[in-house]
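Peer 1: My file is model_17.txt. It has compact mmCIF, C-alpha atoms and all ligand atoms:
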# COMPACT_ATOMS: atom_id res chain seq x y z
CA MET R 1 0.00 0.00 0.00
CA ALA R 2 1.30 3.48 -0.90
CA GLU R 3 2.19 5.63 2.08
CA LEU R 4 -1.21 6.91 3.16
CA ARG R 5 -1.49 9.90 5.46
CA GLY R 6 -4.26 11.41 7.47
CA GLY R 7 -5.15 15.10 7.36
CA ILE R 8 -7.50 16.91 9.72
CA ASP R 9 -8.69 20.47 9.26
CA LEU R 10 -9.90 21.79 12.61
CA GLY R 11 -12.33 24.65 12.01
CA GLY R 12 -14.54 26.70 14.28
CA THR R 13 -17.73 25.07 12.96
CA LYS R 14 -16.58 21.78 11.41
CA ILE R 15 -13.84 19.19 11.53
CA GLN R 16 -12.86 17.78 8.14
CA ALA R 17 -10.74 14.63 7.94
CA ALA R 18 -9.23 12.99 4.85
CA ILE R 19 -7.00 10.06 3.95
CA VAL R 20 -4.52 11.27 1.35
CA ASP R 21 -1.80 9.59 -0.75
CA PRO R 22 1.53 11.34 -1.47
CA ARG R 23 0.13 12.72 -4.77
CA GLY R 24 -2.70 14.44 -2.91
CA ASP R 25 -5.46 12.03 -3.98
CA VAL R 26 -8.14 11.53 -1.34
CA SER R 27 -9.34 7.96 -0.73
CA GLY R 28 -11.57 8.60 2.29
CA GLN R 29 -13.12 11.61 3.98
CA ALA R 30 -15.42 12.48 6.85
CA ARG R 31 -16.85 15.51 8.55
CA GLN R 32 -17.96 16.22 12.10
CA PRO R 33 -19.39 19.36 13.68
CA THR R 34 -16.89 21.02 16.04
CA PRO R 35 -18.12 20.62 19.64
CA THR R 36 -19.54 23.89 20.96
CA SER R 37 -19.14 23.01 24.65
CA GLY R 38 -16.68 21.09 26.81
CA GLY R 39 -12.96 21.53 26.32
CA PRO R 40 -9.94 20.57 24.20
CA GLN R 41 -10.21 16.84 25.02
CA ASP R 42 -13.79 16.82 23.65
CA VAL R 43 -12.57 18.49 20.47
CA ALA R 44 -9.74 15.94 20.21
CA ASP R 45 -12.28 13.10 20.61
CA ALA R 46 -14.41 14.49 17.77
CA MET R 47 -11.28 14.84 15.60
CA ALA R 48 -10.31 11.22 16.30
CA ALA R 49 -13.84 10.09 15.41
CA ALA R 50 -13.72 11.99 12.08
CA LEU R 51 -10.31 10.50 11.25
CA ARG R 52 -11.48 6.95 12.08
CA GLU R 53 -14.51 7.38 9.84
CA ALA R 54 -12.34 8.69 6.97
CA ALA R 55 -9.93 5.77 7.45
CA GLN R 56 -12.80 3.30 7.35
CA GLY R 57 -13.92 4.84 4.05
CA ALA R 58 -10.39 4.32 2.68
CA GLY R 59 -10.22 0.76 4.05
CA VAL R 60 -7.25 1.37 6.38
CA GLU R 61 -6.61 1.39 10.10
CA PRO R 62 -5.53 4.76 11.58
CA ALA R 63 -2.52 3.00 13.17
CA ASP R 64 -1.30 1.93 9.69
CA LEU R 65 -1.07 5.52 8.42
CA ALA R 66 2.43 6.98 7.88
CA GLY R 67 1.27 9.87 10.05
CA ILE R 68 -1.50 12.34 10.63
CA GLY R 69 -1.30 16.11 10.16
CA VAL R 70 -3.59 18.65 11.77
CA GLY R 71 -4.27 22.20 10.58
CA SER R 72 -5.31 24.09 13.69
CA PRO R 73 -6.44 27.60 14.56
CA GLY R 74 -4.80 29.46 17.41
CA ASP R 75 -1.10 29.22 18.13
CA ALA R 76 -0.09 25.76 16.84
CA ASN R 77 3.49 24.83 17.72
CA GLU R 78 4.90 22.45 15.09
CA GLN R 79 7.81 21.43 17.31
CA THR R 80 5.89 20.52 20.44
CA GLY R 81 2.44 19.68 19.02
CA VAL R 82 0.86 21.99 21.58
CA VAL R 83 -2.01 24.29 20.54
CA SER R 84 -2.62 27.45 22.59
CA SER R 85 -5.31 30.15 22.66
CA ALA R 86 -7.58 28.69 19.99
CA LYS R 87 -10.22 31.14 21.13
CA ASN R 88 -12.97 30.10 18.72
CA LEU R 89 -12.91 26.55 20.17
CA PRO R 90 -14.65 25.66 23.45
CA GLY R 91 -12.57 26.07 26.62
CA TRP R 92 -9.32 26.45 24.66
CA GLU R 93 -7.95 29.73 26.09
CA GLY R 94 -4.91 27.89 27.50
CA SER R 95 -2.56 25.25 26.05
CA PHE R 96 -3.36 21.65 25.13
CA PRO R 97 -0.96 18.92 23.85
CA LEU R 98 -3.13 18.10 20.82
CA ALA R 99 -0.58 16.00 18.90
CA GLU R 100 0.11 13.81 21.94
CA ALA R 101 -3.59 13.33 22.76
CA LEU R 102 -4.51 12.38 19.17
CA SER R 103 -1.50 10.12 18.75
CA LYS R 104 -2.53 8.22 21.88
CA GLU R 105 -6.08 7.77 20.57
CA LEU R 106 -5.20 6.87 16.98
CA GLY R 107 -1.90 5.01 17.28
CA ALA R 108 -0.05 7.01 14.61
CA PRO R 109 2.40 9.93 14.85
CA VAL R 110 0.64 13.32 14.73
CA LYS R 111 1.94 16.75 13.68
CA VAL R 112 0.14 20.04 14.09
CA GLY R 113 0.48 23.24 12.06
CA ASN R 114 -1.36 26.49 11.42
CA ASP R 115 -4.60 25.89 9.49
CA VAL R 116 -4.18 28.72 6.98
CA GLN R 117 -0.48 28.02 6.40
CA VAL R 118 -1.13 24.35 5.57
CA ALA R 119 -3.99 25.32 3.22
CA THR R 120 -1.57 27.72 1.48
CA GLU R 121 1.01 24.93 1.14
CA ALA R 122 -1.65 22.61 -0.30
CA GLU R 123 -2.39 25.18 -3.02
CA PHE R 124 1.36 25.58 -3.61
CA HIS R 125 2.05 21.85 -4.02
CA LEU R 126 -1.21 20.58 -5.51
CA GLY R 127 -3.55 23.46 -6.39
CA ALA R 128 -3.63 26.95 -7.91
CA GLY R 129 -0.02 27.77 -6.97
CA GLN R 130 1.83 24.83 -8.55
CA GLU R 131 3.62 26.86 -11.22
CA PHE R 132 5.05 29.41 -8.75
CA GLN R 133 8.02 29.48 -6.37
CA SER R 134 6.73 32.25 -4.12
CA LEU R 135 3.20 33.16 -3.15
CA ILE R 136 0.91 34.69 -0.57
CA GLY R 137 -2.25 32.74 0.35
CA VAL R 138 -5.17 34.96 1.37
CA PHE R 139 -8.09 33.12 2.96
CA TRP R 140 -11.09 35.43 2.94
CA GLY R 141 -13.80 33.99 5.18
CA THR R 142 -15.08 34.55 8.73
CA GLY R 143 -11.76 36.29 9.31
CA VAL R 144 -8.94 36.96 6.86
CA GLY R 145 -6.04 34.53 7.22
CA GLY R 146 -2.79 34.34 5.32
CA GLY R 147 0.07 31.97 4.55
CA LEU R 148 3.45 32.36 2.87
CA VAL R 149 5.68 30.29 0.62
CA LEU R 150 8.97 31.99 -0.29
CA ASP R 151 11.57 30.47 -2.62
CA GLY R 152 9.64 27.20 -2.56
CA ARG R 153 9.59 26.94 1.21
CA PRO R 154 7.01 27.73 3.87
CA TRP R 155 7.82 30.91 5.78
CA LEU R 156 6.56 30.66 9.35
CA GLY R 157 8.64 33.45 10.85
CA ARG R 158 8.87 32.72 14.56
CA GLY R 159 5.56 30.91 14.26
CA ALA R 160 3.19 33.80 13.63
CA ALA R 161 3.99 34.92 10.05
CA GLY R 162 1.35 35.48 7.40
CA GLU R 163 -1.24 37.35 9.49
CA ILE R 164 -2.34 39.44 6.53
CA GLY R 165 -5.76 39.98 8.15
CA HIS R 166 -4.08 42.23 10.71
CA VAL R 167 -2.09 44.32 8.27
CA VAL R 168 -3.30 47.86 8.96
CA VAL R 169 -5.23 49.37 6.06
CA LYS R 170 -6.44 52.45 7.95
CA ARG R 171 -4.82 54.00 10.99
CA GLY R 172 -7.38 54.51 13.76
CA GLY R 173 -9.95 52.76 11.57
CA ALA R 174 -12.72 50.25 12.26
CA LYS R 175 -12.48 47.98 15.30
CA CYS R 176 -11.10 44.53 14.44
CA PRO R 177 -12.26 41.28 16.12
CA CYS R 178 -8.65 41.08 17.42
CA GLY R 179 -9.33 44.21 19.50
CA ARG R 180 -7.08 46.52 17.49
CA LYS R 181 -8.13 49.16 14.98
CA GLY R 182 -7.94 49.49 11.23
CA CYS R 183 -6.89 45.90 10.37
CA LEU R 184 -7.80 44.44 6.96
CA GLU R 185 -10.05 41.91 8.75
CA ALA R 186 -12.05 44.75 10.34
CA TYR R 187 -13.30 45.61 6.82
CA ALA R 188 -13.23 42.31 4.94
CA GLY R 189 -13.80 39.52 7.48
CA ARG R 190 -17.28 38.05 7.23
CA SER R 191 -18.04 38.53 10.92
CA ALA R 192 -16.86 42.15 10.86
CA MET R 193 -18.95 42.73 7.70
CA GLU R 194 -21.98 41.22 9.42
CA ALA R 195 -21.50 43.44 12.49
CA GLU R 196 -21.26 46.52 10.27
CA ALA R 197 -24.35 45.49 8.26
CA ARG R 198 -26.27 45.01 11.52
CA ARG R 199 -25.18 48.38 12.82
CA GLN R 200 -26.20 50.22 9.64
CA HIS R 201 -29.48 48.27 9.46
CA GLU R 202 -30.34 49.28 13.04
CA GLU R 203 -29.63 52.88 12.10
CA GLY R 204 -32.32 52.63 9.46
CA GLN R 205 -30.33 51.60 6.36
CA LYS R 206 -32.53 49.39 4.17
CA THR R 207 -31.22 45.92 3.31
CA ASP R 208 -32.47 42.44 2.40
CA LEU R 209 -29.51 40.73 4.10
CA PHE R 210 -31.21 39.79 7.37
CA HIS R 211 -34.47 38.93 5.67
CA LEU R 212 -32.59 36.51 3.38
CA MET R 213 -30.75 35.05 6.39
CA GLU R 214 -34.05 34.24 8.13
CA LYS R 215 -35.72 33.00 4.95
CA HIS R 216 -32.91 30.49 4.39
CA GLY R 217 -32.79 29.50 8.07
CA LYS R 218 -29.17 30.60 8.60
CA PRO R 219 -27.83 31.65 12.00
CA ARG R 220 -25.49 34.20 10.41
CA LEU R 221 -24.75 35.97 7.12
CA THR R 222 -23.05 33.13 5.25
CA SER R 223 -21.13 33.72 2.03
CA GLY R 224 -24.17 32.29 0.19
CA ILE R 225 -26.43 34.95 1.72
CA TRP R 226 -23.98 37.71 0.75
CA GLU R 227 -23.95 36.38 -2.81
CA ARG R 228 -27.76 36.24 -3.04
CA ALA R 229 -28.08 39.80 -1.75
CA LEU R 230 -25.45 40.98 -4.23
CA ASP R 231 -27.34 39.25 -7.06
CA HIS R 232 -30.50 41.10 -5.99
CA GLY R 233 -28.64 44.42 -6.23
CA ASP R 234 -28.98 45.08 -2.48
CA HIS R 235 -27.43 48.50 -1.97
CA LEU R 236 -25.90 47.96 1.49
CA THR R 237 -24.41 44.65 0.30
CA GLU R 238 -22.82 46.35 -2.70
CA LYS R 239 -21.40 49.04 -0.43
CA LEU R 240 -19.95 46.60 2.11
CA ILE R 241 -18.46 44.28 -0.52
CA GLU R 242 -16.88 47.27 -2.24
CA ARG R 243 -15.44 48.36 1.13
CA ALA R 244 -14.07 44.84 1.68
CA ILE R 245 -12.47 44.78 -1.77
CA GLU R 246 -10.85 48.18 -1.16
CA ALA R 247 -9.37 46.89 2.10
CA LEU R 248 -8.23 43.62 0.49
CA GLY R 249 -6.61 45.48 -2.41
CA THR R 250 -4.82 47.80 0.01
CA GLY R 251 -3.62 45.07 2.39
CA ILE R 252 -2.57 42.65 -0.35
CA ALA R 253 -0.74 45.36 -2.33
CA SER R 254 1.15 46.47 0.80
CA SER R 255 2.20 42.87 1.43
CA VAL R 256 3.24 42.48 -2.22
CA ASN R 257 5.34 45.67 -1.95
CA LEU R 258 7.23 44.04 0.93
CA LEU R 259 7.69 40.51 -0.46
CA ASP R 260 7.30 40.75 -4.28
CA PRO R 261 5.84 37.22 -4.66
CA GLU R 262 5.01 35.71 -8.04
CA ALA R 263 1.40 35.03 -7.10
CA VAL R 264 -1.44 35.70 -4.69
CA ILE R 265 -3.87 32.80 -4.11
CA ILE R 266 -7.34 33.79 -2.92
CA GLY R 267 -9.22 31.13 -0.92
CA GLY R 268 -11.70 30.94 1.95
CA GLY R 269 -15.51 30.89 1.89
CA LEU R 270 -15.96 34.39 0.46
CA GLY R 271 -12.77 34.17 -1.60
CA ILE R 272 -13.85 31.03 -3.45
CA ARG R 273 -17.39 32.35 -3.93
CA PHE R 274 -16.44 35.85 -5.10
CA GLY R 275 -12.85 35.46 -6.32
CA GLU R 276 -13.49 35.25 -10.08
CA ARG R 277 -16.40 37.68 -10.00
CA LEU R 278 -14.52 40.39 -8.11
CA MET R 279 -11.12 39.80 -9.70
CA ASP R 280 -11.17 42.99 -11.81
CA PRO R 281 -12.14 45.41 -9.01
CA LEU R 282 -9.60 43.70 -6.72
CA MET R 283 -6.80 44.13 -9.28
CA GLU R 284 -7.85 47.74 -9.76
CA GLU R 285 -7.72 48.44 -6.01
CA MET R 286 -4.34 46.70 -5.75
CA SER R 287 -2.85 48.62 -8.64
CA LYS R 288 -3.49 51.90 -6.79
CA HIS R 289 -1.04 50.81 -4.09
CA LEU R 290 1.52 48.68 -5.93
CA PHE R 291 4.90 50.38 -5.93
CA VAL R 292 5.98 48.50 -9.08
CA ASP R 293 2.64 48.50 -10.86
CA GLU R 294 3.72 47.44 -14.35
CA ARG R 295 4.53 43.92 -13.09
CA PRO R 296 1.72 42.83 -10.73
CA PRO R 297 1.73 39.27 -9.32
CA ALA R 298 -0.65 36.66 -10.77
CA ILE R 299 -3.90 36.46 -8.80
CA ARG R 300 -5.53 33.01 -8.71
CA VAL R 301 -8.53 31.55 -6.92
CA ALA R 302 -7.76 28.47 -4.80
CA THR R 303 -8.67 25.22 -6.55
CA LEU R 304 -8.67 22.58 -3.78
CA GLY R 305 -11.89 23.93 -2.28
CA ASP R 306 -13.26 22.62 0.99
CA LEU R 307 -10.79 19.73 1.27
CA GLY R 308 -7.72 21.95 0.84
CA GLY R 309 -7.22 22.35 4.59
CA ALA R 310 -7.25 18.60 5.29
CA ILE R 311 -5.04 17.83 2.26
CA GLY R 312 -2.62 20.56 3.37
CA ALA R 313 -2.58 19.15 6.91
CA SER R 314 -1.57 15.73 5.53
CA LEU R 315 1.53 17.39 4.00
CA LEU R 316 2.81 18.10 7.51
CA VAL R 317 3.61 14.41 7.82
CA SER R 318 6.53 14.63 5.40
CA ARG R 319 7.84 17.91 6.75
ZN ZN O 1 -6.91 42.73 13.79
Can you turn what I pasted into structure tokens?
Ligand SMILES: [Zn+2]

Peer 2:
Amino acid sequence: MAELRGGIDLGGTKIQAAIVDPRGDVSGQARQPTPTSGGPQDVADAMAAALREAAQGAGVEPADLAGIGVGSPGDANEQTGVVSSAKNLPGWEGSFPLAEALSKELGAPVKVGNDVQVATEAEFHLGAGQEFQSLIGVFWGTGVGGGLVLDGRPWLGRGAAGEIGHVVVKRGGAKCPCGRKGCLEAYAGRSAMEAEARRQHEEGQKTDLFHLMEKHGKPRLTSGIWERALDHGDHLTEKLIERAIEALGTGIASSVNLLDPEAVIIGGGLGIRFGERLMDPLMEEMSKHLFVDERPPAIRVATLGDLGGAIGASLLVSR
């Protein structure tokens, strides 16, 4: 049997597991909702269950895998396997030895890494970034995450590189979910956009956004709801998307000025949904801020979709 690996993408709402061969082909996959109560051990149990189910689908035992990689939010230490302050997960303000706990449950070696960084590396090795040696991954979803590959190698900095969502696009600007002001994510992150839409709606601004959310039984403004409202020509939606694109163009161009990568890969829930459609306005916004504007980087939409995080996590095994 070819060296099969496990990959687990640990998200705030769902856990996605996959069994992946060295070429990136997926032979089994499973999905579990992320526990909303309890603590890190409960999350680890749900992750182990998802991985077991994916392994069953691929006809292998977890213990026979060459290894298992985990893409995690929060501060994921690749050396120690400890994950700290994953604040969107239940009871995870402190540190938890995730790699050790999972390895004990599943009987295979486990490595952890940053969720957005591993998704960026998946696009670099197997997706939209294959033809490039240097790229920035921009994951535009609930928040705005980023990952870096420079000269063919992941750039982690001291462990916290790639936080493009917290590049400042306006000094003293809008309040960011991180508590600071003027970050890119404060304008383009889906939760910040929802908060702003709610604020303007309460002030009397007309919009179909919340009506659509209720009609489709969603607990929040999902990327699908934003798309529907945009299709209907909802004025507030147009305004907020335009504001997000301005911020993305500014933040991405500033990062490009610093690193001069060959490509920018746009992923994430909103990125995949709107990437092609908003490519021209995004390029236009970027070009206003690019220092060397006659040679812009290639902009591509991520191609691995929903499984990209789990596939990327499996690549940690050979690192
Ligand atoms: Zn921030």

Peer 1: Using all atoms listed in the file for the distances, tell me which of R:Ile311, R:Met47, R:Leu65, R:Val167 is nearest to ligand ZN 1 (chain O).

Peer 2: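 For ligand ZN 1 (chain O), the nearest of the given residues is R:Val167.
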
Peer 1: If you measure from CA of Val83 in chain R to CA of Phe96 in chain R, what distance in Å do you get, rounded to one decimal?

Peer 2: 5.5 Å

Peer 1: In the coordinate frame of the file, compute which residues have an atom within 8 Å of (3.7, 15.2, 6.3) when using all atoms listed in the file, and state them as number ranges by chain.

Peer 2: R: 5, 67-69, 111, 313-319

Peer 1: Just want the 9 Å neighbourhood of range 87-94 of chain R, counted on only C-alpha atoms, with same-chain residues fewer than 4 positions away dropped. Output as a ChimeraX atom specification.

Peer 2: /R:11-13,34-40,42-43,73-74,83

Peer 1: Identify which of the residues R:Pro297, R:Pro261, R:Val70, R:His216 lies closest to Gly152 in chain R, counting all atoms listed in the file when measuring atom-to-atom distances.

Peer 2: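 Residue with the minimum atom-to-atom distance to Gly152 in chain R: R:Pro261.
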
Peer 1: Please identify every polymer residue within 10 Å of ligand ZN 1 (chain O), using only C-alpha atoms and all ligand atoms, and present the set as a VMD selection string.

Peer 2: chain R and resid 143 to 144 163 to 168 174 to 187 189

Peer 1: Leaving out Val112 in chain R and any residue of its chain fewer than 2 positions from it, which residues lie within 9 Å of it when counting all atoms listed in the file, given as a list of chain:residue names?

Peer 2: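 Near neighbours after the sequence-gap exclusion: R:Ile68, R:Gly69, R:Val70, R:Gly71, R:Ser72, R:Ala76, R:Asn77, R:Glu78, R:Gln79, R:Thr80, R:Gly81, R:Val82, R:Val83, R:Leu98, R:Ala99, R:Val110, R:Asn114, R:Asp115, R:Ala313, R:Leu316.
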
Peer 1: If we count only C-alpha atoms and set the cut-off at 9 Å, which residues sit around Thr142 in chain R, ignoring sequence neighbours fewer than 5 positions away in its own chain? Please answer as a list in words.

Peer 2: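 Everything that qualifies: Glu185, Ala188, Gly189, Arg190, Ser191, Ala192, Thr222, Gly268, Gly269 and Leu270 of chain R.
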
Peer 1: Could you pull out every residue with an atom within 10 Å of (-6.6, 31.6, -9.5), file coordinates, counting all atoms listed in the file, and send them as a count of residues only?

Peer 2: 18

Peer 1: Can you list, as a PyMOL selection string, every protein, DNA or RNA residue that comes within 10 Å of Ile19 in chain R when you count only C-alpha atoms, leaving out same-chain residues fewer than 5 positions away?

Peer 2: chain R and resi 4-8+24-30+51-60+62+65+68+310-311+314

Peer 1: Counting all atoms listed in the file, what is within 10 Å of Leu278 in chain R, bar same-chain residues fewer than 5 positions away, as a PyMOL selection string?

Peer 2: chain R and resi 241-242+245+271+273+283

Peer 1: For the atom pair CA of Ala119 in chain R and CA of Ala44 in chain R, what is the interatomic distance in Å to one decimal place?

Peer 2: 20.2 Å

Peer 1: If you measure from CA of Glu202 in chain R to CA of His235 in chain R, what distance in Å do you get, rounded to one decimal?

Peer 2: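 Going from CA of Glu202 in chain R over to CA of His235 in chain R, I get 15.3 Å.
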
Peer 1: Rank R:Glu238, R:Glu100, R:Pro33, R:Arg23 by their smallest atom-to-atom distance to Leu126 in chain R, using all atoms listed in the file, and report the top residue only.

Peer 2: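 Residue with the minimum atom-to-atom distance to Leu126 in chain R: R:Arg23.
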
Peer 1: Of the residues R:Leu236, R:His125, R:Ala66, R:Asp45, which is the one nearest to Asp21 in chain R, using all atoms listed in the file?

Peer 2: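 Of all the options, R:Ala66 lies closest to Asp21 in chain R.
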
Peer 1: Using all atoms listed in the file, can you tell me which of R:Phe124, R:Pro109, R:Lys14, R:Gly162 comes closest to Phe139 in chain R?

Peer 2: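 The closest residue to Phe139 in chain R is R:Gly162.
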
Peer 1: Select, from R:Leu307, R:Arg243, R:Phe274, R:Gly137, the residue with the minimum atom-to-atom distance to Asp231 in chain R, counting all atoms listed in the file.

Peer 2: R:Phe274

Peer 1: As AutoDock Vina command-line options, what would the box around range 35-42 of chain R look like: edges along x, y and z, 4 Å added on every side, centre and edge lengths in Å to one decimal?

Peer 2:
--center_x -14.7 --center_y 20.4 --center_z 23.2 --size_x 17.6 --size_y 15.1 --size_z 15.2

Peer 1: Could you rebuild range 166-175 of chain R with all heavy atoms and give me the result as a PDB file, in the coordinates of the input?

Peer 2:
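Saved file rebuild-v5.pdb follows:
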ATOM      1  N   HIS R 166      -4.335  41.179   9.717  1.00  0.00           N
ATOM      2  CA  HIS R 166      -4.080  42.230  10.710  1.00  0.00           C
ATOM      3  C   HIS R 166      -3.028  43.225  10.217  1.00  0.00           C
ATOM      4  O   HIS R 166      -2.458  43.975  11.007  1.00  0.00           O
ATOM      5  CB  HIS R 166      -3.764  41.591  12.065  1.00  0.00           C
ATOM      6  CG  HIS R 166      -4.868  40.643  12.430  1.00  0.00           C
ATOM      7  ND1 HIS R 166      -6.082  41.080  12.911  1.00  0.00           N
ATOM      8  CD2 HIS R 166      -4.987  39.302  12.238  1.00  0.00           C
ATOM      9  CE1 HIS R 166      -6.901  40.039  13.039  1.00  0.00           C
ATOM     10  NE2 HIS R 166      -6.256  38.965  12.628  1.00  0.00           N
ATOM     11  N   VAL R 167      -2.810  43.223   8.898  1.00  0.00           N
ATOM     12  CA  VAL R 167      -2.090  44.320   8.270  1.00  0.00           C
ATOM     13  C   VAL R 167      -3.015  45.537   8.371  1.00  0.00           C
ATOM     14  O   VAL R 167      -4.217  45.432   8.128  1.00  0.00           O
ATOM     15  CB  VAL R 167      -1.798  43.974   6.783  1.00  0.00           C
ATOM     16  CG1 VAL R 167      -1.457  45.213   5.970  1.00  0.00           C
ATOM     17  CG2 VAL R 167      -0.689  42.945   6.686  1.00  0.00           C
ATOM     18  N   VAL R 168      -2.469  46.673   8.760  1.00  0.00           N
ATOM     19  CA  VAL R 168      -3.300  47.860   8.960  1.00  0.00           C
ATOM     20  C   VAL R 168      -3.584  48.533   7.612  1.00  0.00           C
ATOM     21  O   VAL R 168      -2.668  48.852   6.863  1.00  0.00           O
ATOM     22  CB  VAL R 168      -2.618  48.845   9.927  1.00  0.00           C
ATOM     23  CG1 VAL R 168      -3.428  50.136  10.050  1.00  0.00           C
ATOM     24  CG2 VAL R 168      -2.456  48.190  11.299  1.00  0.00           C
ATOM     25  N   VAL R 169      -4.861  48.697   7.304  1.00  0.00           N
ATOM     26  CA  VAL R 169      -5.230  49.370   6.060  1.00  0.00           C
ATOM     27  C   VAL R 169      -5.744  50.779   6.324  1.00  0.00           C
ATOM     28  O   VAL R 169      -5.895  51.582   5.416  1.00  0.00           O
ATOM     29  CB  VAL R 169      -6.269  48.563   5.247  1.00  0.00           C
ATOM     30  CG1 VAL R 169      -5.666  47.241   4.791  1.00  0.00           C
ATOM     31  CG2 VAL R 169      -7.549  48.322   6.032  1.00  0.00           C
ATOM     32  N   LYS R 170      -6.028  51.090   7.606  1.00  0.00           N
ATOM     33  CA  LYS R 170      -6.440  52.450   7.950  1.00  0.00           C
ATOM     34  C   LYS R 170      -6.103  52.742   9.408  1.00  0.00           C
ATOM     35  O   LYS R 170      -6.660  52.105  10.305  1.00  0.00           O
ATOM     36  CB  LYS R 170      -7.940  52.610   7.728  1.00  0.00           C
ATOM     37  CG  LYS R 170      -8.389  54.032   7.900  1.00  0.00           C
ATOM     38  CD  LYS R 170      -9.817  54.235   7.470  1.00  0.00           C
ATOM     39  CE  LYS R 170     -10.143  55.713   7.565  1.00  0.00           C
ATOM     40  NZ  LYS R 170     -11.505  56.011   7.164  1.00  0.00           N
ATOM     41  N   ARG R 171      -5.179  53.668   9.607  1.00  0.00           N
ATOM     42  CA  ARG R 171      -4.820  54.000  10.990  1.00  0.00           C
ATOM     43  C   ARG R 171      -6.001  54.571  11.741  1.00  0.00           C
ATOM     44  O   ARG R 171      -6.722  55.418  11.228  1.00  0.00           O
ATOM     45  CB  ARG R 171      -3.669  55.012  10.998  1.00  0.00           C
ATOM     46  CG  ARG R 171      -2.299  54.351  10.941  1.00  0.00           C
ATOM     47  CD  ARG R 171      -1.189  55.382  10.901  1.00  0.00           C
ATOM     48  NE  ARG R 171      -1.238  56.294  12.044  1.00  0.00           N
ATOM     49  CZ  ARG R 171      -0.759  56.001  13.262  1.00  0.00           C
ATOM     50  NH1 ARG R 171      -0.202  54.831  13.475  1.00  0.00           N
ATOM     51  NH2 ARG R 171      -0.828  56.874  14.227  1.00  0.00           N
ATOM     52  N   GLY R 172      -6.248  54.033  12.961  1.00  0.00           N
ATOM     53  CA  GLY R 172      -7.380  54.510  13.760  1.00  0.00           C
ATOM     54  C   GLY R 172      -8.726  54.137  13.155  1.00  0.00           C
ATOM     55  O   GLY R 172      -9.741  54.734  13.468  1.00  0.00           O
ATOM     56  N   GLY R 173      -8.732  53.140  12.300  1.00  0.00           N
ATOM     57  CA  GLY R 173      -9.950  52.760  11.570  1.00  0.00           C
ATOM     58  C   GLY R 173     -10.885  51.870  12.376  1.00  0.00           C
ATOM     59  O   GLY R 173     -10.889  51.871  13.608  1.00  0.00           O
ATOM     60  N   ALA R 174     -11.674  51.070  11.647  1.00  0.00           N
ATOM     61  CA  ALA R 174     -12.720  50.250  12.260  1.00  0.00           C
ATOM     62  C   ALA R 174     -12.111  49.262  13.264  1.00  0.00           C
ATOM     63  O   ALA R 174     -10.969  48.816  13.123  1.00  0.00           O
ATOM     64  CB  ALA R 174     -13.477  49.494  11.178  1.00  0.00           C
ATOM     65  N   LYS R 175     -12.913  48.914  14.263  1.00  0.00           N
ATOM     66  CA  LYS R 175     -12.480  47.980  15.300  1.00  0.00           C
ATOM     67  C   LYS R 175     -12.436  46.565  14.731  1.00  0.00           C
ATOM     68  O   LYS R 175     -13.381  46.095  14.104  1.00  0.00           O
ATOM     69  CB  LYS R 175     -13.464  48.060  16.465  1.00  0.00           C
ATOM     70  CG  LYS R 175     -13.106  47.186  17.631  1.00  0.00           C
ATOM     71  CD  LYS R 175     -12.795  48.021  18.866  1.00  0.00           C
ATOM     72  CE  LYS R 175     -12.188  47.164  19.960  1.00  0.00           C
ATOM     73  NZ  LYS R 175     -13.050  46.962  21.100  1.00  0.00           N
TER      74      LYS R 175
END
